[in-house]
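Student: Take this structure first; my questions come after.
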There are 6 protein chains.
Amino acid sequence: MTLPAFLLEPLLRAALTEDLAPWGDATTRAVIPPGTKGQVEMRSRQSGVISGMQAAELAFRLIDPTLDIDILTPDAAACAPGQPVMRVTGDIAAILMAERVALNFAGRMSGIATLTARFVAEAGPARITCTRKTTPGLRAVEKAAVAHGGGANHRFGLGDAILIKDNHIAAAGGIAAVLTRVKAVRSHMMRVEIEVDTLAQLQDVLSTGGADCVLLDNMDTATLREAVGLVAGRMITEASGNMTLPRIAEVAATGVGYISVGALTHSAAVLDLGLDYV
Amino acid sequence: MTLPAFLLEPLLRAALTEDLAPWGDATTRAVIPPGTKGQVEMRSRQSGVISGMQAAELAFRLIDPTLDIDILTPDAAACAPGQPVMRVTGDIAAILMAERVALNFAGRMSGIATLTARFVAEAGPARITCTRKTTPGLRAVEKAAVAHGGGANHRFGLGDAILIKDNHIAAAGGIAAVLTRVKAVRSHMMRVEIEVDTLAQLQDVLSTGGADCVLLDNMDTATLREAVGLVAGRMITEASGNMTLPRIAEVAATGVGYISVGALTHSAAVLDLGLDYV
Amino acid sequence: MTLPAFLLEPLLRAALTEDLAPWGDATTRAVIPPGTKGQVEMRSRQSGVISGMQAAELAFRLIDPTLDIDILTPDAAACAPGQPVMRVTGDIAAILMAERVALNFAGRMSGIATLTARFVAEAGPARITCTRKTTPGLRAVEKAAVAHGGGANHRFGLGDAILIKDNHIAAAGGIAAVLTRVKAVRSHMMRVEIEVDTLAQLQDVLSTGGADCVLLDNMDTATLREAVGLVAGRMITEASGNMTLPRIAEVAATGVGYISVGALTHSAAVLDLGLDYV
Amino acid sequence: MTLPAFLLEPLLRAALTEDLAPWGDATTRAVIPPGTKGQVEMRSRQSGVISGMQAAELAFRLIDPTLDIDILTPDAAACAPGQPVMRVTGDIAAILMAERVALNFAGRMSGIATLTARFVAEAGPARITCTRKTTPGLRAVEKAAVAHGGGANHRFGLGDAILIKDNHIAAAGGIAAVLTRVKAVRSHMMRVEIEVDTLAQLQDVLSTGGADCVLLDNMDTATLREAVGLVAGRMITEASGNMTLPRIAEVAATGVGYISVGALTHSAAVLDLGLDYV
Amino acid sequence: MTLPAFLLEPLLRAALTEDLAPWGDATTRAVIPPGTKGQVEMRSRQSGVISGMQAAELAFRLIDPTLDIDILTPDAAACAPGQPVMRVTGDIAAILMAERVALNFAGRMSGIATLTARFVAEAGPARITCTRKTTPGLRAVEKAAVAHGGGANHRFGLGDAILIKDNHIAAAGGIAAVLTRVKAVRSHMMRVEIEVDTLAQLQDVLSTGGADCVLLDNMDTATLREAVGLVAGRMITEASGNMTLPRIAEVAATGVGYISVGALTHSAAVLDLGLDYV
Amino acid sequence: MTLPAFLLEPLLRAALTEDLAPWGDATTRAVIPPGTKGQVEMRSRQSGVISGMQAAELAFRLIDPTLDIDILTPDAAACAPGQPVMRVTGDIAAILMAERVALNFAGRMSGIATLTARFVAEAGPARITCTRKTTPGLRAVEKAAVAHGGGANHRFGLGDAILIKDNHIAAAGGIAAVLTRVKAVRSHMMRVEIEVDTLAQLQDVLSTGGADCVLLDNMDTATLREAVGLVAGRMITEASGNMTLPRIAEVAATGVGYISVGALTHSAAVLDLGLDYV
């Protein structure tokens, strides 16, 4: 999943500004003789799945468009410890100025892709999907990282799909009232999903209709299996709530279609990437 | 550590735009009867240290300035599972629109504060400090979260202090050459730190002078202790590299002044906060 | 359909800046004695449907937060010639500075709402819907104006739904190939629509499956009726192409679900609104 | 009239962001095989006057700087139905992503240029001129389109010329008071125009002096002729108010210098342009 | 001359960000006990003319909207040494954070107003006017400061008036060619000025016509007097080039209408303003 | 001192927009035949020190990337009257559009560099340093100009170093209290400076400790000499307050380390640079 460069560029400019404002890099200015050339390799210290190469490359290019950059391990590819993922050649001061921003993007995104891949490996035919529990400002790149790890993308934000949660149902007077309302006003180009916590609620959803997907929230595995049986293919099913890695295989075995995991984006550790002088 | 609100506001606007652009919340528009009022409490599901209340409050206020907001657990305070940290009263559609952004900030920052506090508890008199391995765009709030957790803040970025690393030394011709250069050009209002990997390098630093701090990188505990002894209080000492929680007490016992930990910001899991309808 | 104010505000700031940059209103500065108070009414010179009151109010407020503003005809309400739609009281220089921007928004949006209402009146049970043929930068307010006129909103942009057009099919190797590809990669939270120009193409779509909606493009009324019959309720149907006002009733009578009309946003004349000194 | 590219670029970035945010084009990503090349032609379906080629070209370039773009019909040139106006060759996914934004700019601007040209054709030696009744955010490109259609540009906004209207006169105590005030404070580099509705007001203007131009508002043709005679070349004359196309020749025959027409920018229909796969 | 606050606000936000980014004021955070209240007065250390009170007030308000602010000496008023010009009461940390930005605006603008007033005092009936030799980014506030000092404002920038200089004449083939061109294309709402260096050039201008103003550049006083005589009231006259303070009275005595002085904005020293703890 | 181009670019875009918005250069559009080529040289009319070449070059490049630009006198080099500093060849309309912005940057920065060099020439071994009394929005380029003139840079803003002034001491309860507070909370990567007005205060500072530098404010030369003697090399010393050029040599002779001069940035006259047609 490649993002249009013009959408990515403001994120990179902001990150470089954060690190280099207001007057540039005091260290390279003080110590690197102007014109010094060199070559570095970004390497992984761990095994995992790579993501963020597009962002990292852009970090270097925005500092110095004349750098020579080779992506050695593309987004969505697995990497082994020690594996080089990018090679950058040119003005060494420019490389060192962009280094941290490039690594911060690539490490974080690769961390998300790697964690996603671990969940995907457990899920069999069920699809692992992300949530809106993303880092403020970085949702697009984090959703791309989920895709690089083999996950499916859920809605992006509040404007592109309807997802009716417990608080909505409480505020709006119950499942039947809510779904009736939605049927009257929904766009024909927007999917509708509704959260249920119990089989009784699920029955209400099934009898009222008007939703494309049902979010089976915080159910134990047995209840989940029963819920999937009740739906019987009439809606897309998604399980959420406390979906830890050890539980995924068992959840997937219920036949549920999607398993959504907030931790993919809110609690992934970075993949340890570093820049080595060659 | 409170950030000026006008610096925080653009981050919140960007995050709300990310979630609500281009045309607002399709779900609340479809299902919540206009004018519905309600009250919610943000509660922690875990024990930890709270951070991000200023950001969370601003998320709600930017959506609806008429909301009534009480911070029940201030930044830097510990929280127990189930403890309410913020109460919001008013238009329920507005509350639900801002909910995710408020939680994404508060959960992430509290996660960082909580992890920092765990390291601080191990470090005794040594200070735990952060790095530039922060989330792109969120460095200021993440450095504030480190402070809320009891950590010390390292330099903010490349422009406010000089930190000479291995790659700089390699590109610039060795420690003596680098420090001589720095002495000639450094600002009198900027601190200088230099990284060493060996005791021999440390000797070079001590004999050349010109640095306020020395970063003792990737040393085992015994070497670290020896290095601290060699420095003998003439410089500030900082240990870095593979500083995992189980190792902190032992590292601190070497007498080193600061221990820097990238994981505080690059790999903290969120603190699980949720919004409950009251 | 109300947009979150923080999303609308940048549009109004940009429009006011366009009119008032770089140094304000030379005319009011030269001729209005400071402190002069007054009252104006925005009135419609034509019958139509009002939209843009939220934007117009914000234009006045951004220039002078102390103005007293009453919306007399809310968004989505019909208006008769001469009917007052908004009353503004306060500093007259501020009112005159904001006047043109307020009118430019309200006139344009009311023009769209009015034209939409005319199409809706012809369409019976079929829904009139908009397209992406909107004014650059104003899509959100224009889609809101369509809703105020009684129209249904189509997808917002390229990121929130999949709409496969003739050029996509040509570039990607035919309907079956395209739909097979889409089924494998689509998000479960995103709708899929595909354009067909002939009944043969429609048959391909029906036999391959994988789309929620079919766009019946540039068909004559007889073919359209046949197409709707072929679909037989298995997909949402939408007619497009040359959908002029005189033809709408006949098209609607085919049983098609949606009729999309680019002219709603690309060729609506403004509703003539003016500001009268009271 | 060519605008500096750096002024146009933010408009195009905003429009592309509106269409492609937050994560790009879901359709091309799903269906177009990466690397597919192709050629398209933008063609007019109607006769008219072309405008917006500079903006359309920039839309394509911002998505993909490697596209090959030929402008076949330049701004301000007439076009016949079916006439190709631009040819774009290269990555087909990039072309399809930029298509709608390019067409939205070119269609709207060509619509304005075409409508302007129709008025100009009726006006003989009188000049057709635009107003501030433009689309919020697009005034510069719309004023350029008026120029491409052969019209004259009025002032840009509130800061570059003084135009005293009825509401100003009412608030400031009459024509003599207003013009006396203006003479004292006006910049020597700024033109002054004043609106009159009656011949009596015109007499006041002529006897007080201090204006370069007089706006003869909402007069019938006979009154207008009389007014032009009264002015006798001492000021520039401009007619406004209800200046519909059928009336222009007659108005122009009064000898008035300028005829201002709000409809040029507030109610022009788009020129129907489309992109055809070659 | 008051600028619309919404135009001034981005300048103040940028200046505060420049001083306080990325994480606020390290000094007040370290040393001022939270909640400390106090009162300060901004006082002039010199005699002069005050300008920039609007900007200074906004600097304080953006940091803390609850501060109590009294403007004691308004824009355009003279001040004596020691005279208080603004009083601010409230949170002392907020006051100290905004202090430097407030003073930087007020000192610079008052410096310009003061220098302008000195030129105006020498110029008798001739008007002193500014140029485009302003500080990048601050033109609007600097032109306002010129007005506060009693000067007349020249055009704002390249888009609001035509000023034909020597380089234009050289590139475009001489005065007659240039003015003929301009007459054909100029807007009726835009003034035209042309620069001449010799009386022969002036004769060309007078015989060709088409300009409202003539810029008599770098002439000695005798030539200037002759030029003004030649023009004989048919155009506005403006003298420029080496217009130092000692020369102004003599230049004004030639009867020239305007004297433009780049130094007003490019070389004014600040007026020394300071903030005293009360 | 070279600033990263991506940090400089927004300043140049803002300045060009200020001069060319909203619709470009009316004069070149009216008078320069499209396609006219030419060559100009930027020349100094005075002797001084050049700064701002990087900004001036960027001004030209942003208007027209195809211009041929040679920097003939680099930043930090001295120039004689008449000396060419930059040569630009290409489209003459583009050159004339960018001219004023390029000169406004280069003239202002060269003025600062020139004034700094004059102070440096008087200061012998003492270093001349700047303050935060800079032009709002231009601090980074002005601090670079100080460096080009041979000056030392003080802290950039409120966030990168602690500088405790008289108002802080007054609000926080005296020198001992303040320094004790600072020692407890300061970052190890941030320098601390404290202002003293008397020798008694200096004694307090020396006995409390905790500061790296002491600012000796508004002392006469004899007191200053005594203060430097008291410090005896234990802290960096800086003199400030009324540091006019004639006094510098005498102040430097006290042995003080740094002399800070607000006038470098708040009251430097421009260096007179002009663009000559070749």
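For the structure tokens, the naming scheme is as follows: chains receive sequential letters (A, B, ...) according to their order of presentation, residues are indexed from 1 within each chain, and ligands are indexed from 1 in presentation order.
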I need the chain E residues near chain B as a ChimeraX atom specification; criterion: at most 9 Å, counting only C-alpha atoms.
Tutor: /E:13,16-17,20-25,29,62-64
Student: Can you pull out the residues contacting stretch 212-222 of chain E? Cut-off 7 Å, using only C-alpha atoms, and skip same-chain residues under 6 positions away; I want them as a compact mmCIF listing (two decimals) with C-alpha atoms, in the first residue's frame.
Tutor:
# COMPACT_ATOMS: atom_id res chain seq x y z
CA ARG E 191 -3.33 53.27 -10.71
CA VAL E 192 -0.28 53.52 -12.98
CA GLU E 193 2.98 55.22 -12.04
CA ILE E 194 6.13 55.50 -14.12
CA GLU E 195 9.67 56.28 -13.08
CA VAL E 196 11.76 58.87 -14.94
CA ASP E 197 15.35 59.89 -14.31
CA MET E 235 -0.09 64.06 -12.84
CA ILE E 236 0.69 63.24 -9.23
CA THR E 237 4.40 63.77 -8.62
CA GLU E 238 6.60 61.68 -6.35
CA ALA E 239 10.29 62.19 -5.60
CA SER E 240 12.54 59.29 -4.63
CA GLY E 241 16.20 58.38 -4.28
CA ASN E 242 18.51 59.48 -1.53
CA VAL E 251 12.70 68.76 -1.66
Student: Which residues come within 12 Å of B:Met86, counting only C-alpha atoms, excluding same-chain residues fewer than 4 positions away, as JSON, numbers by chain?
Tutor: {"B": [39, 40, 41, 42, 43, 44, 50, 51, 52, 53, 54, 55, 56, 57, 60, 68, 69, 70, 71, 72, 73, 74, 75, 79, 82, 99, 102, 103, 106, 273, 274, 275, 276]}
Student: Would you write out those residues with N, CA and C atoms, as a short mmCIF file (atom, residue, chain, number, x, y, z; two decimals), in the first residue's frame?
Tutor:
data_model
loop_
_atom_site.label_atom_id
_atom_site.label_comp_id
_atom_site.auth_asym_id
_atom_site.auth_seq_id
_atom_site.Cartn_x
_atom_site.Cartn_y
_atom_site.Cartn_z
N GLN B 39 -23.26 12.51 30.35
CA GLN B 39 -22.01 12.65 31.11
C GLN B 39 -21.19 11.38 30.95
N VAL B 40 -19.90 11.57 30.76
CA VAL B 40 -19.01 10.41 30.65
C VAL B 40 -17.85 10.59 31.61
N GLU B 41 -17.26 9.48 31.98
CA GLU B 41 -16.01 9.52 32.75
C GLU B 41 -14.93 8.77 32.00
N MET B 42 -13.78 9.39 31.90
CA MET B 42 -12.62 8.67 31.41
C MET B 42 -12.03 7.96 32.61
N ARG B 43 -11.86 6.65 32.45
CA ARG B 43 -11.32 5.86 33.58
C ARG B 43 -10.14 5.03 33.10
N SER B 44 -9.25 4.80 34.01
CA SER B 44 -8.13 3.92 33.71
C SER B 44 -8.54 2.48 34.00
N ILE B 50 -0.59 9.09 35.15
CA ILE B 50 -1.41 9.81 34.17
C ILE B 50 -0.61 10.93 33.50
N SER B 51 -0.83 11.07 32.20
CA SER B 51 -0.28 12.19 31.44
C SER B 51 -1.23 12.45 30.28
N GLY B 52 -1.24 13.65 29.76
CA GLY B 52 -2.07 13.94 28.59
C GLY B 52 -3.42 14.54 28.91
N MET B 53 -3.63 14.91 30.15
CA MET B 53 -4.94 15.49 30.50
C MET B 53 -5.14 16.83 29.80
N GLN B 54 -4.06 17.60 29.68
CA GLN B 54 -4.15 18.91 28.99
C GLN B 54 -4.58 18.71 27.53
N ALA B 55 -4.00 17.72 26.87
CA ALA B 55 -4.35 17.45 25.47
C ALA B 55 -5.76 16.91 25.34
N ALA B 56 -6.12 16.00 26.22
CA ALA B 56 -7.46 15.41 26.15
C ALA B 56 -8.52 16.48 26.37
N GLU B 57 -8.29 17.35 27.35
CA GLU B 57 -9.25 18.42 27.60
C GLU B 57 -9.40 19.32 26.37
N PHE B 60 -11.65 17.86 23.61
CA PHE B 60 -13.09 18.09 23.86
C PHE B 60 -13.46 19.56 23.62
N ASP B 68 -18.53 20.83 29.90
CA ASP B 68 -18.08 20.97 31.28
C ASP B 68 -17.04 19.87 31.55
N ILE B 69 -15.83 20.25 31.86
CA ILE B 69 -14.75 19.26 31.95
C ILE B 69 -14.05 19.36 33.29
N ASP B 70 -13.97 18.26 34.00
CA ASP B 70 -13.20 18.20 35.25
C ASP B 70 -12.09 17.18 35.15
N ILE B 71 -10.88 17.64 35.43
CA ILE B 71 -9.76 16.69 35.49
C ILE B 71 -9.72 16.14 36.91
N LEU B 72 -9.86 14.84 37.01
CA LEU B 72 -9.96 14.22 38.33
C LEU B 72 -8.62 13.66 38.78
N THR B 73 -7.78 13.35 37.84
CA THR B 73 -6.44 12.87 38.17
C THR B 73 -5.46 13.68 37.33
N PRO B 74 -4.68 14.53 37.94
CA PRO B 74 -3.83 15.43 37.13
C PRO B 74 -2.61 14.71 36.56
N ASP B 75 -2.03 15.34 35.56
CA ASP B 75 -0.79 14.84 34.99
C ASP B 75 0.23 14.58 36.10
N CYS B 79 -2.44 6.42 39.14
CA CYS B 79 -3.85 6.02 39.11
C CYS B 79 -3.95 4.52 39.36
N GLY B 82 -9.62 1.35 37.42
CA GLY B 82 -10.97 1.82 37.67
C GLY B 82 -11.07 3.28 38.07
N GLU B 99 -14.05 11.79 21.56
CA GLU B 99 -13.60 10.70 22.43
C GLU B 99 -12.29 10.03 21.99
N ALA B 102 -9.14 12.23 22.17
CA ALA B 102 -8.77 12.46 23.57
C ALA B 102 -8.11 11.22 24.16
N LEU B 103 -8.69 10.06 23.90
CA LEU B 103 -8.12 8.82 24.45
C LEU B 103 -6.79 8.48 23.79
N ALA B 106 -4.27 10.72 25.57
CA ALA B 106 -4.10 10.43 26.98
C ALA B 106 -3.52 9.03 27.20
N LEU B 273 -7.08 3.37 28.81
CA LEU B 273 -8.08 4.31 29.31
C LEU B 273 -9.34 4.15 28.47
N GLY B 274 -10.49 4.30 29.09
CA GLY B 274 -11.74 4.21 28.34
C GLY B 274 -12.72 5.25 28.81
N LEU B 275 -13.75 5.46 28.01
CA LEU B 275 -14.77 6.45 28.34
C LEU B 275 -16.06 5.71 28.70
N ASP B 276 -16.53 5.92 29.89
CA ASP B 276 -17.75 5.22 30.32
C ASP B 276 -18.90 6.21 30.46
#
Student: May I have all residues of stretch 87-262 of chain A that DSSP, computed from the backbone, assigns to helix (DSSP H, G or I), given as number ranges by chain?
Tutor: A: 92-123, 139-148, 166-172, 175-185, 199-208, 221-231, 245-252
Student: For E:Tyr258, work out the shell of residues within 6 Å, counting only C-alpha atoms and skipping chain neighbours fewer than 5 positions away, then give it as number ranges by chain.
Tutor: E: 126-128, 238
